[in-house]
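S.K.: You'll find my_file10.txt just under this line, and it carries compact mmCIF, C-alpha atoms and all ligand atoms.
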# COMPACT_ATOMS: atom_id res chain seq x y z
CA MET K 1 -16.22 -12.13 -15.00
CA SER K 2 -13.51 -12.13 -12.42
CA MET K 3 -10.33 -13.88 -11.63
CA LYS K 4 -7.40 -13.76 -9.34
CA GLY K 5 -4.21 -12.24 -10.61
CA LYS K 6 -0.62 -13.28 -10.14
CA MET K 7 -0.39 -11.71 -6.77
CA GLY K 8 -3.53 -13.41 -5.57
CA VAL K 9 -5.37 -10.16 -5.78
CA TYR K 10 -8.93 -9.89 -6.88
CA LEU K 11 -8.83 -8.71 -10.46
CA SER K 12 -11.25 -6.50 -12.27
CA LYS K 13 -11.16 -6.17 -15.97
CA ILE K 14 -8.17 -4.01 -16.54
CA GLN K 15 -8.79 -1.31 -19.09
CA ASN K 16 -5.34 -1.67 -20.36
CA GLU K 17 -3.64 -3.90 -22.89
CA SER K 18 -1.47 -6.19 -20.88
CA GLY K 19 -2.27 -5.92 -17.21
CA GLU K 20 0.92 -3.99 -16.69
CA PHE K 21 -0.74 -2.10 -13.87
CA GLU K 22 -1.93 -5.11 -11.96
CA ILE K 23 0.11 -3.68 -9.15
CA LEU K 24 -2.63 -1.10 -8.64
CA GLN K 25 -4.95 -3.81 -7.40
CA LEU K 26 -2.49 -4.81 -4.76
CA PHE K 27 -2.03 -1.16 -3.98
CA GLU K 28 -5.76 -0.62 -3.67
CA ARG K 29 -6.16 -3.63 -1.41
CA SER K 30 -3.34 -2.71 0.90
CA LEU K 31 -3.97 1.02 0.91
CA ASP K 32 -4.27 2.69 4.26
CA THR K 33 -5.83 6.02 3.40
CA VAL K 34 -4.54 7.59 6.60
CA HIS K 35 -0.93 6.65 5.86
CA PRO K 36 -0.85 5.98 2.11
CA GLU K 37 2.93 5.68 2.11
CA LYS K 38 2.89 2.75 4.53
CA GLY K 39 1.16 0.13 2.36
CA GLU K 40 2.76 -2.96 0.83
CA ILE K 41 3.57 -1.15 -2.38
CA PRO K 42 6.31 1.41 -1.98
CA ILE K 43 5.08 4.79 -3.14
CA LYS K 44 6.02 8.39 -2.79
CA LEU K 45 3.33 11.04 -2.57
CA LEU K 46 3.74 13.73 -5.19
CA GLY K 47 0.76 15.75 -4.13
CA PHE K 48 -2.87 15.62 -3.25
CA GLY K 49 -6.03 17.52 -3.95
CA GLU K 50 -9.42 17.60 -2.29
CA ILE K 51 -10.26 14.22 -3.78
CA SER K 52 -7.23 12.50 -5.19
CA ILE K 53 -3.84 11.44 -4.03
CA VAL K 54 -1.05 11.72 -6.55
CA PHE K 55 1.92 9.43 -6.14
CA GLU K 56 4.65 7.56 -7.92
CA ILE K 57 5.30 3.86 -7.48
CA LEU K 58 8.85 3.18 -6.47
CA THR K 59 9.63 0.21 -8.67
CA GLU K 60 11.95 0.17 -11.60
CA GLU K 61 9.32 -0.51 -14.27
CA LEU K 62 6.95 2.14 -13.07
CA ASN K 63 9.16 5.03 -12.26
CA GLY K 64 8.55 8.15 -14.26
CA LEU K 65 4.77 7.90 -13.88
CA ALA K 66 2.39 9.91 -11.73
CA PHE K 67 -0.74 8.05 -10.54
CA LYS K 68 -3.84 9.96 -9.46
CA ARG K 69 -6.36 7.93 -7.56
CA LEU K 70 -10.06 8.77 -7.78
CA PRO K 71 -12.09 6.41 -5.58
CA LEU K 72 -15.43 7.71 -6.78
CA PHE K 73 -17.26 5.19 -8.90
CA GLU K 74 -19.98 2.65 -8.32
CA SER K 75 -20.36 1.04 -11.72
CA GLU K 76 -18.53 0.29 -14.89
CA THR K 77 -20.82 2.67 -16.80
CA GLN K 78 -19.94 5.45 -14.43
CA VAL K 79 -16.21 4.96 -14.62
CA LEU K 80 -16.25 4.51 -18.40
CA ARG K 81 -18.09 7.80 -18.80
CA HIS K 82 -15.41 9.48 -16.73
CA ILE K 83 -12.59 7.89 -18.72
CA LYS K 84 -14.21 9.05 -21.95
CA ALA K 85 -14.48 12.59 -20.61
CA TYR K 86 -10.88 12.42 -19.37
CA GLN K 87 -9.66 11.38 -22.84
CA ASP K 88 -11.82 13.89 -24.71
CA TYR K 89 -10.69 16.67 -22.41
CA TYR K 90 -7.08 15.80 -23.19
CA SER K 91 -7.73 15.85 -26.95
CA LEU K 92 -9.66 19.10 -26.78
CA LEU K 93 -7.02 20.87 -24.75
CA THR K 94 -4.06 19.60 -26.73
CA GLU K 95 -5.42 19.44 -30.29
CA LYS K 96 -8.03 22.19 -30.39
CA VAL K 97 -6.69 24.65 -27.84
CA GLY K 98 -2.97 23.97 -28.07
CA LEU K 99 -2.05 23.34 -24.44
CA ILE K 100 0.73 20.94 -23.54
CA ILE K 101 -0.20 18.10 -21.17
CA PRO K 102 2.00 15.19 -20.11
CA GLU K 103 1.06 11.97 -21.90
CA GLN K 104 -1.66 10.12 -20.06
CA LYS K 105 -3.72 6.96 -19.75
CA SER K 106 -6.00 5.37 -17.21
CA VAL K 107 -6.72 2.14 -15.37
CA TRP K 108 -9.57 1.27 -13.07
CA VAL K 109 -9.86 -1.36 -10.38
CA TYR K 110 -12.57 -2.70 -8.11
CA MET K 111 -12.11 -1.65 -4.53
CA ASN K 112 -14.10 -4.47 -2.97
CA GLU K 113 -15.15 -8.02 -3.68
CA GLU K 114 -18.78 -6.99 -4.13
CA HIS K 115 -17.69 -4.83 -7.08
CA THR K 116 -19.70 -1.92 -5.82
CA LYS K 117 -16.79 0.47 -5.61
CA ILE K 118 -14.30 1.41 -8.27
CA ALA K 119 -11.15 3.47 -8.11
CA LEU K 120 -9.90 5.11 -11.26
CA TYR K 121 -6.22 5.77 -11.64
CA CYS K 122 -5.36 8.56 -14.00
CA ILE K 123 -1.78 8.00 -15.03
CA GLN K 124 0.47 10.71 -16.36
CA LYS K 125 4.09 10.97 -17.31
CA LYS K 126 5.76 12.46 -14.31
CA VAL K 127 7.24 15.89 -14.81
CA PRO K 128 10.63 16.52 -13.17
CA PRO K 129 10.23 17.59 -9.54
CA GLU K 130 11.96 20.90 -10.17
CA SER K 131 9.29 21.75 -12.76
CA VAL K 132 6.35 21.37 -10.42
CA ILE K 133 5.52 24.93 -9.53
CA SER K 134 3.72 24.06 -6.29
CA SER K 135 6.98 22.76 -4.83
CA LYS K 136 8.72 26.08 -5.40
CA LEU K 137 6.09 28.39 -4.00
CA ALA K 138 7.51 28.72 -0.52
CA THR K 139 10.62 30.47 -1.78
CA ILE K 140 9.71 31.86 -5.19
CA THR K 141 10.47 35.54 -5.80
CA PRO K 142 8.19 37.97 -7.66
CA GLU K 143 10.79 38.09 -10.44
CA GLU K 144 10.67 34.31 -10.85
CA LEU K 145 6.90 34.15 -10.65
CA ARG K 146 6.17 36.81 -13.23
CA PRO K 147 7.31 34.96 -16.38
CA ILE K 148 5.59 31.78 -15.20
CA VAL K 149 2.32 33.63 -14.75
CA ASP K 150 2.75 35.26 -18.17
CA LEU K 151 2.90 31.80 -19.75
CA ILE K 152 -0.11 30.59 -17.77
CA LEU K 153 -2.13 33.66 -18.81
CA ALA K 154 -1.29 33.01 -22.45
CA GLU K 155 -2.64 29.45 -22.06
CA LEU K 156 -5.81 30.65 -20.38
CA LYS K 157 -6.32 33.10 -23.19
CA LYS K 158 -6.20 30.26 -25.70
CA VAL K 159 -8.88 28.35 -23.82
CA TRP K 160 -11.27 31.28 -23.63
CA TYR K 161 -10.65 32.26 -27.22
CA TYR K 162 -11.55 28.75 -28.19
CA ASN K 163 -14.73 29.07 -26.15
CA ARG K 164 -15.58 32.34 -27.84
CA GLU K 165 -15.00 31.14 -31.35
CA ASN K 166 -15.76 27.47 -31.28
CA GLN K 167 -18.37 26.15 -33.63
CA ASP K 168 -18.56 22.73 -32.01
CA GLN K 169 -20.98 23.60 -29.23
CA ILE K 170 -18.22 22.86 -26.81
CA GLU K 171 -17.31 24.99 -23.83
CA ILE K 172 -14.11 24.29 -21.95
CA GLY K 173 -13.43 25.03 -18.30
CA LEU K 174 -10.06 24.99 -16.58
CA ASP K 175 -8.74 25.11 -13.03
CA GLY K 176 -5.98 27.62 -13.55
CA GLN K 177 -4.52 27.61 -10.07
CA ILE K 178 -0.77 27.62 -9.85
CA SER K 179 -0.40 24.08 -8.47
CA ASN K 180 -1.96 22.67 -11.63
CA TRP K 181 0.95 23.75 -13.81
CA ALA K 182 4.49 22.65 -14.43
CA TYR K 183 7.07 25.13 -15.64
CA ILE K 184 9.56 23.49 -17.92
CA GLU K 185 12.77 25.14 -18.98
CA SER K 186 14.85 23.80 -21.82
CA ASN K 187 17.32 25.01 -24.41
CA GLU K 188 14.46 26.08 -26.65
CA GLY K 189 13.03 28.26 -23.91
CA ALA K 190 10.41 27.82 -21.23
CA HIS K 191 6.84 26.60 -21.42
CA VAL K 192 4.10 25.53 -19.04
CA GLU K 193 2.27 22.21 -19.02
CA TYR K 194 -1.17 21.65 -17.56
CA LEU K 195 -1.44 18.75 -15.09
CA ASP K 196 -4.94 18.65 -13.69
CA THR K 197 -6.93 16.66 -16.25
CA SER K 198 -8.43 14.05 -13.94
CA THR K 199 -11.38 16.39 -13.38
CA PRO K 200 -12.43 16.96 -17.00
CA LEU K 201 -14.28 20.24 -17.30
CA PHE K 202 -16.14 20.73 -20.55
CA ARG K 203 -19.70 20.96 -21.76
CA ARG K 204 -21.19 19.66 -24.93
CA SER K 205 -24.27 21.64 -25.96
CA GLY K 206 -24.41 22.89 -22.39
CA GLU K 207 -24.20 19.47 -20.84
CA GLU K 208 -21.38 18.67 -18.45
CA ALA K 209 -19.24 15.79 -19.80
CA MET K 210 -18.36 14.66 -16.33
CA GLU K 211 -20.89 13.52 -13.77
CA VAL K 212 -20.57 16.39 -11.32
CA ALA K 213 -22.42 14.59 -8.55
CA LEU K 214 -19.49 12.16 -8.35
CA PHE K 215 -17.46 14.76 -6.65
CA LEU K 216 -19.89 14.82 -3.80
CA LYS K 217 -18.68 11.32 -3.07
CA SER K 218 -15.83 12.77 -1.12
CA ALA K 219 -18.36 14.43 1.16
CA PRO K 220 -19.83 12.74 4.19
CA SER K 221 -23.16 11.18 3.28
CA PHE K 222 -24.96 13.28 5.85
CA LEU K 223 -24.00 16.36 3.86
CA ARG K 224 -24.47 15.29 0.29
CA TRP K 225 -27.99 16.51 -0.19
CA MET K 226 -27.01 19.91 1.10
CA LEU K 227 -23.97 20.18 -1.13
CA LYS K 228 -25.75 19.49 -4.40
CA SER K 229 -26.35 23.16 -5.16
CA LEU K 230 -22.90 24.12 -3.97
CA ALA K 231 -21.31 21.66 -6.41
CA THR K 232 -22.89 23.36 -9.40
CA GLU K 233 -21.64 26.71 -8.12
CA VAL K 234 -18.15 25.33 -7.64
CA VAL K 235 -18.09 23.87 -11.15
CA ASP K 236 -19.46 27.03 -12.78
CA ARG K 237 -16.54 29.07 -11.63
CA TYR K 238 -14.12 27.08 -13.79
CA TYR K 239 -15.94 28.25 -16.90
CA CYS K 240 -15.67 31.93 -16.05
CA LEU K 241 -12.25 33.35 -16.86
CA ARG K 242 -12.51 36.16 -14.31
CA ASP K 243 -13.35 33.67 -11.54
CA VAL K 244 -10.49 31.43 -12.62
CA LEU K 245 -8.12 34.40 -12.38
CA ILE K 246 -9.44 35.41 -8.95
CA ASP K 247 -8.98 31.84 -7.78
CA LEU K 248 -5.44 31.76 -9.16
CA ILE K 249 -4.57 34.89 -7.19
CA ALA K 250 -6.38 33.86 -4.01
CA ASN K 251 -4.41 30.64 -3.88
CA PHE K 252 -1.35 32.62 -2.89
CA TYR K 253 -3.02 33.28 0.45
CA LYS K 254 -3.42 29.56 0.88
CA GLU K 255 0.21 29.03 -0.10
CA GLN K 256 1.20 31.48 2.64
CA ARG K 257 2.55 33.95 0.11
CA PRO K 258 0.24 36.98 0.33
CA ASP K 259 3.33 39.12 -0.30
CA LEU K 260 3.18 38.08 -3.96
CA ILE K 261 -0.42 39.16 -4.43
CA PRO K 262 -0.21 42.91 -5.18
CA ALA K 263 2.25 42.43 -8.06
CA LEU K 264 0.24 39.48 -9.32
CA ILE K 265 -2.97 41.51 -9.38
CA ALA K 266 -1.21 44.31 -11.27
CA GLN K 267 0.16 41.83 -13.81
CA ILE K 268 -3.19 40.16 -14.31
CA ASN K 269 -5.11 43.43 -14.61
CA GLU K 270 -2.63 44.58 -17.22
CA PHE K 271 -3.22 41.36 -19.11
CA ILE K 272 -6.98 41.79 -18.85
CA SER K 273 -6.90 45.31 -20.22
CA GLN K 274 -4.29 44.74 -22.92
CA ASP K 275 -4.48 41.15 -24.13
CA LEU K 276 -8.09 40.46 -23.33
CA SER K 277 -9.55 43.85 -24.16
CA GLU K 278 -12.14 42.30 -26.50
CA MET K 279 -13.49 40.21 -23.67
CA ALA K 280 -14.21 43.27 -21.52
CA ILE K 281 -13.34 41.60 -18.23
CA LYS K 282 -13.66 43.82 -15.18
CA PRO K 283 -10.35 44.47 -13.40
CA ILE K 284 -9.74 42.53 -10.18
CA SER K 285 -9.24 44.30 -6.86
CA GLU K 286 -7.39 43.08 -3.81
CA GLU K 287 -10.57 43.41 -1.74
CA LYS K 288 -12.41 41.12 -4.12
CA VAL K 289 -9.67 38.50 -3.88
CA ALA K 290 -9.50 38.74 -0.09
CA LYS K 291 -13.26 38.39 0.19
CA TYR K 292 -13.32 35.44 -2.16
CA TYR K 293 -10.56 33.75 -0.21
CA LYS K 294 -12.28 34.25 3.12
CA HIS K 295 -15.42 32.63 1.79
CA ASP K 296 -13.48 29.81 0.14
CA LYS K 297 -11.37 29.14 3.21
CA PHE K 298 -14.42 29.00 5.41
CA ILE K 299 -16.10 26.48 3.16
CA TRP K 300 -13.09 24.21 2.76
CA LYS K 301 -12.19 24.29 6.44
CA LEU K 302 -15.71 23.39 7.39
CA TYR K 303 -15.78 20.75 4.74
CA LEU K 304 -12.49 19.19 5.78
CA GLY K 305 -13.58 19.24 9.41
CA LEU K 306 -16.79 17.41 8.56
CA ARG K 307 -14.90 14.89 6.47
CA ARG K 308 -12.57 14.16 9.39
CA PHE K 309 -15.59 13.63 11.58
CA ASP K 310 -17.09 11.33 8.96
CA ARG K 311 -13.83 9.38 8.76
CA PHE K 312 -13.82 9.06 12.52
CA LEU K 313 -17.37 7.68 12.47
CA LYS K 314 -16.61 5.26 9.68
CA THR K 315 -13.29 3.92 10.92
CA LYS K 316 -13.52 4.13 14.68
CA ILE K 317 -17.20 3.64 15.34
CA LEU K 318 -18.48 1.65 12.39
CA ARG K 319 -15.17 -0.11 11.69
CA GLN K 320 -15.48 0.46 7.98
CA LYS K 321 -12.82 1.40 5.51
CA TYR K 322 -12.53 5.08 4.65
CA ASP K 323 -11.88 5.56 0.94
CA PHE K 324 -10.25 8.94 0.84
CA TYR K 325 -7.02 10.48 1.91
CA LEU K 326 -7.46 13.55 4.08
CA PRO K 327 -4.62 16.01 4.28
CA GLU K 328 -3.61 16.31 7.93
CA LYS K 329 -2.89 19.95 8.22
CA ILE K 330 -3.41 22.47 5.51
CA LYS K 331 -2.46 25.90 6.67
CA ARG K 332 -4.83 28.40 5.10
N1 LIG X 401 2.46 14.53 -14.00
C1 LIG X 401 2.86 14.92 -12.78
N2 LIG X 401 4.17 14.85 -12.43
C2 LIG X 401 4.59 15.23 -11.21
N3 LIG X 401 3.79 15.72 -10.23
C3 LIG X 401 2.47 15.83 -10.51
C4 LIG X 401 1.94 15.43 -11.80
N4 LIG X 401 0.62 15.65 -11.79
C5 LIG X 401 0.32 16.14 -10.55
N5 LIG X 401 1.43 16.26 -9.78
C6 LIG X 401 1.49 16.79 -8.40
O1 LIG X 401 0.25 16.51 -7.73
C7 LIG X 401 -0.45 17.72 -7.42
C8 LIG X 401 -1.95 17.55 -7.65
O2 LIG X 401 -2.18 17.16 -8.99
P1 LIG X 401 -3.46 17.57 -9.81
O3 LIG X 401 -3.36 16.96 -11.15
O4 LIG X 401 -3.66 19.04 -9.75
O5 LIG X 401 -4.60 16.79 -9.02
P2 LIG X 401 -5.84 17.30 -8.17
O6 LIG X 401 -7.01 17.03 -9.03
O7 LIG X 401 -5.79 16.44 -6.96
O8 LIG X 401 -5.67 18.75 -7.88
C9 LIG X 401 0.20 18.78 -8.33
O9 LIG X 401 0.12 20.06 -7.76
C10 LIG X 401 1.63 18.30 -8.41
O10 LIG X 401 2.34 18.71 -7.27
MG MG X 402 -5.07 20.33 -8.94
What would you get if you wrote out this structure as structure tokens?
Ligand SMILES: Nc1ncnc2c1ncn2[C@@H]1O[C@H](COP(=O)(O)OP(=O)(O)O)[C@@H](O)[C@H]1O
Ligand SMILES: [Mg+2]

M.R.:
Amino acid sequence: MSMKGKMGVYLSKIQNESGEFEILQLFERSLDTVHPEKGEIPIKLLGFGEISIVFEILTEELNGLAFKRLPLFESETQVLRHIKAYQDYYSLLTEKVGLIIPEQKSVWVYMNEEHTKIALYCIQKKVPPESVISSKLATITPEELRPIVDLILAELKKVWYYNRENQDQIEIGLDGQISNWAYIESNEGAHVEYLDTSTPLFRRSGEEAMEVALFLKSAPSFLRWMLKSLATEVVDRYYCLRDVLIDLIANFYKEQRPDLIPALIAQINEFISQDLSEMAIKPISEEKVAKYYKHDKFIWKLYLGLRRFDRFLKTKILRQKYDFYLPEKIKR
């Protein structure tokens, strides 16, 4: 079942009431993954991760929304499983754990006429730019960071308490790194909101809700077989609170703010010993964080380098379309 939409664009079934996001099909068709801001649809990049680009569409009707593009799927079944996990993750985190997450929905579109590739757009209410912590990191002071981290730690505690006490056979993972949070100040006080729900991390009776292998899609095909074991290792770390905390700290190296690390470690160790004493988590040392970061940096640099090479092969040699956006220069 297929038809052409108003704009003459090849339409998939839109998982959405009214087709209000038909524009995403035009976006998908005109997307240049090297220069995503130069397509026919005016957008502004809000951020990007290893897999997704996050952007807003600069039209009147659609402002105030953040779109996260995941070009990872090959079939309707696959994308529907992901959407289900994405929705369940939202309900678990908000209703059972008590986190605050901007309102969200999702739309998926075919990326080609053969219908063998699907991009999922996770759509979230946009938080005000001044609330996005990642945009403040270059200049943030230890005094400003401390209360933000306190709020994040309190949220992480809720997640792992849920994991400890839950009777539902559900285990929740979270990517606690600083760029995944928004810090919102209002008259009633300040709170943090969690943004990164497009990678739903939870297990039901030990089984991962999301299809982890999907995330290997962003890897060059010549590497995929090798990365299989690595992917499990990478996913496991989001279920271990100590690893999540180490990752949160190590990210300040990546953000070029190692100066913030000693105070951050002290704050987190205090939290571990006082607020999480029942969990008996080993304190975190600066050496451990530095070592972790070195390993992580090596892997991601290598990975990004190989992806660039793969993109070169695909676009310049094979003249194919490359589906992903690769950050040009990440200083690590
Ligand atoms: N709802 C939102 N409003 C505004 N900016 C956002 C929103 N969600 C994400 N971003 C920006 O995009 C970046 C990456 O988003 P995130 O959800 O963490 O995706 P990823 O899975 O790619 O890490 C964030 O660090 C933030 O800068
Ligand atoms: Mg993220």

S.K.: In Å, how far is it from CA of Lys288 in chain K to CA of Glu155 in chain K?

M.R.: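 Atom-to-atom, CA of Lys288 in chain K and CA of Glu155 in chain K are spaced 23.5 Å apart.
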
S.K.: What gap, in Å, lies between CA of Glu28 in chain K and CA of Met111 in chain K?

M.R.: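 Between CA of Glu28 in chain K and CA of Met111 in chain K the gap is 6.5 Å.
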
S.K.: So that each row is one residue of range 119-202 of chain K with an atom at most 8 Å from range 95-100 of chain K, can you give its shortest atom pair and the distance in Å to one decimal, using all atoms listed in the file, rows by chain and rising number, as a Markdown table?

M.R.:
| residue | atom | partner | partner_atom | distance |
| --- | --- | --- | --- | --- |
| K:Glu155 | CA | K:Leu99 | CA | 6.6 |
| K:Lys158 | CA | K:Val97 | CA | 6.0 |
| K:Val159 | CA | K:Val97 | CA | 5.9 |
| K:Tyr162 | CA | K:Val97 | CA | 6.4 |
| K:Val192 | CA | K:Ile100 | CA | 7.3 |
| K:Glu193 | CA | K:Ile100 | CA | 4.9 |
| K:Tyr194 | CA | K:Ile100 | CA | 6.3 |

S.K.: Please determine, counting all atoms listed in the file, which residue among K:Leu70, K:Ile51, K:Ile281, K:Leu302 has the shortest atom-to-atom distance to His82 in chain K.

M.R.: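 For His82 in chain K, the nearest of the candidates is K:Leu70.
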
S.K.: What residues of the protein or nucleic acid chains come within 10 Å of ligand MG 402 (chain X) when you use only C-alpha atoms and all ligand atoms? Reply as a ChimeraX atom specification.

M.R.: /K:47-52,54,134,175-181,194-199

S.K.: Output range 306-330 of chain K with N, CA and C atoms present, as an mmCIF file, in the frame of the given file.

M.R.:
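selection17.cif was written with the following content:
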data_model
loop_
_atom_site.group_PDB
_atom_site.id
_atom_site.type_symbol
_atom_site.label_atom_id
_atom_site.label_comp_id
_atom_site.auth_asym_id
_atom_site.auth_seq_id
_atom_site.Cartn_x
_atom_site.Cartn_y
_atom_site.Cartn_z
ATOM 1 N N LEU K 306 -15.680 18.370 8.606
ATOM 2 C CA LEU K 306 -16.790 17.410 8.560
ATOM 3 C C LEU K 306 -16.331 16.080 7.972
ATOM 4 N N ARG K 307 -15.416 16.133 7.046
ATOM 5 C CA ARG K 307 -14.900 14.890 6.470
ATOM 6 C C ARG K 307 -14.096 14.116 7.520
ATOM 7 N N ARG K 308 -13.326 14.837 8.323
ATOM 8 C CA ARG K 308 -12.570 14.160 9.390
ATOM 9 C C ARG K 308 -13.517 13.472 10.356
ATOM 10 N N PHE K 309 -14.594 14.188 10.680
ATOM 11 C CA PHE K 309 -15.590 13.630 11.580
ATOM 12 C C PHE K 309 -16.209 12.372 10.962
ATOM 13 N N ASP K 310 -16.518 12.467 9.686
ATOM 14 C CA ASP K 310 -17.090 11.330 8.960
ATOM 15 C C ASP K 310 -16.113 10.151 8.958
ATOM 16 N N ARG K 311 -14.843 10.447 8.753
ATOM 17 C CA ARG K 311 -13.830 9.380 8.760
ATOM 18 C C ARG K 311 -13.753 8.733 10.138
ATOM 19 N N PHE K 312 -13.821 9.575 11.154
ATOM 20 C CA PHE K 312 -13.820 9.060 12.520
ATOM 21 C C PHE K 312 -14.997 8.100 12.740
ATOM 22 N N LEU K 313 -16.187 8.539 12.329
ATOM 23 C CA LEU K 313 -17.370 7.680 12.470
ATOM 24 C C LEU K 313 -17.180 6.361 11.753
ATOM 25 N N LYS K 314 -16.729 6.464 10.499
ATOM 26 C CA LYS K 314 -16.610 5.260 9.680
ATOM 27 C C LYS K 314 -15.562 4.304 10.224
ATOM 28 N N THR K 315 -14.384 4.830 10.570
ATOM 29 C CA THR K 315 -13.290 3.920 10.920
ATOM 30 C C THR K 315 -13.323 3.514 12.383
ATOM 31 N N LYS K 316 -13.620 4.435 13.262
ATOM 32 C CA LYS K 316 -13.520 4.130 14.680
ATOM 33 C C LYS K 316 -14.822 3.569 15.243
ATOM 34 N N ILE K 317 -15.919 4.080 14.775
ATOM 35 C CA ILE K 317 -17.200 3.640 15.340
ATOM 36 C C ILE K 317 -17.783 2.479 14.527
ATOM 37 N N LEU K 318 -17.848 2.677 13.224
ATOM 38 C CA LEU K 318 -18.480 1.650 12.390
ATOM 39 C C LEU K 318 -17.491 0.587 11.891
ATOM 40 N N ARG K 319 -16.207 0.835 12.119
ATOM 41 C CA ARG K 319 -15.170 -0.110 11.690
ATOM 42 C C ARG K 319 -15.193 -0.394 10.195
ATOM 43 N N GLN K 320 -15.494 0.623 9.433
ATOM 44 C CA GLN K 320 -15.480 0.460 7.980
ATOM 45 C C GLN K 320 -14.189 1.045 7.427
ATOM 46 N N LYS K 321 -13.991 0.810 6.152
ATOM 47 C CA LYS K 321 -12.820 1.400 5.510
ATOM 48 C C LYS K 321 -13.188 2.801 5.021
ATOM 49 N N TYR K 322 -12.291 3.735 5.174
ATOM 50 C CA TYR K 322 -12.530 5.080 4.650
ATOM 51 C C TYR K 322 -11.764 5.212 3.336
ATOM 52 N N ASP K 323 -12.459 5.655 2.295
ATOM 53 C CA ASP K 323 -11.880 5.560 0.940
ATOM 54 C C ASP K 323 -10.935 6.692 0.559
ATOM 55 N N PHE K 324 -10.986 7.760 1.298
ATOM 56 C CA PHE K 324 -10.250 8.940 0.840
ATOM 57 C C PHE K 324 -9.055 9.243 1.725
ATOM 58 N N TYR K 325 -8.157 9.973 1.154
ATOM 59 C CA TYR K 325 -7.020 10.480 1.910
ATOM 60 C C TYR K 325 -7.342 11.892 2.341
ATOM 61 N N LEU K 326 -7.199 12.187 3.615
ATOM 62 C CA LEU K 326 -7.460 13.550 4.080
ATOM 63 C C LEU K 326 -6.149 14.194 4.494
ATOM 64 N N PRO K 327 -5.839 15.304 3.886
ATOM 65 C CA PRO K 327 -4.620 16.010 4.280
ATOM 66 C C PRO K 327 -4.663 16.350 5.763
ATOM 67 N N GLU K 328 -3.581 16.112 6.475
ATOM 68 C CA GLU K 328 -3.610 16.310 7.930
ATOM 69 C C GLU K 328 -3.723 17.770 8.304
ATOM 70 N N LYS K 329 -2.753 18.536 7.896
ATOM 71 C CA LYS K 329 -2.890 19.950 8.220
ATOM 72 C C LYS K 329 -2.624 20.796 6.988
ATOM 73 N N ILE K 330 -3.642 21.499 6.561
ATOM 74 C CA ILE K 330 -3.410 22.470 5.510
ATOM 75 C C ILE K 330 -3.493 23.820 6.185
#
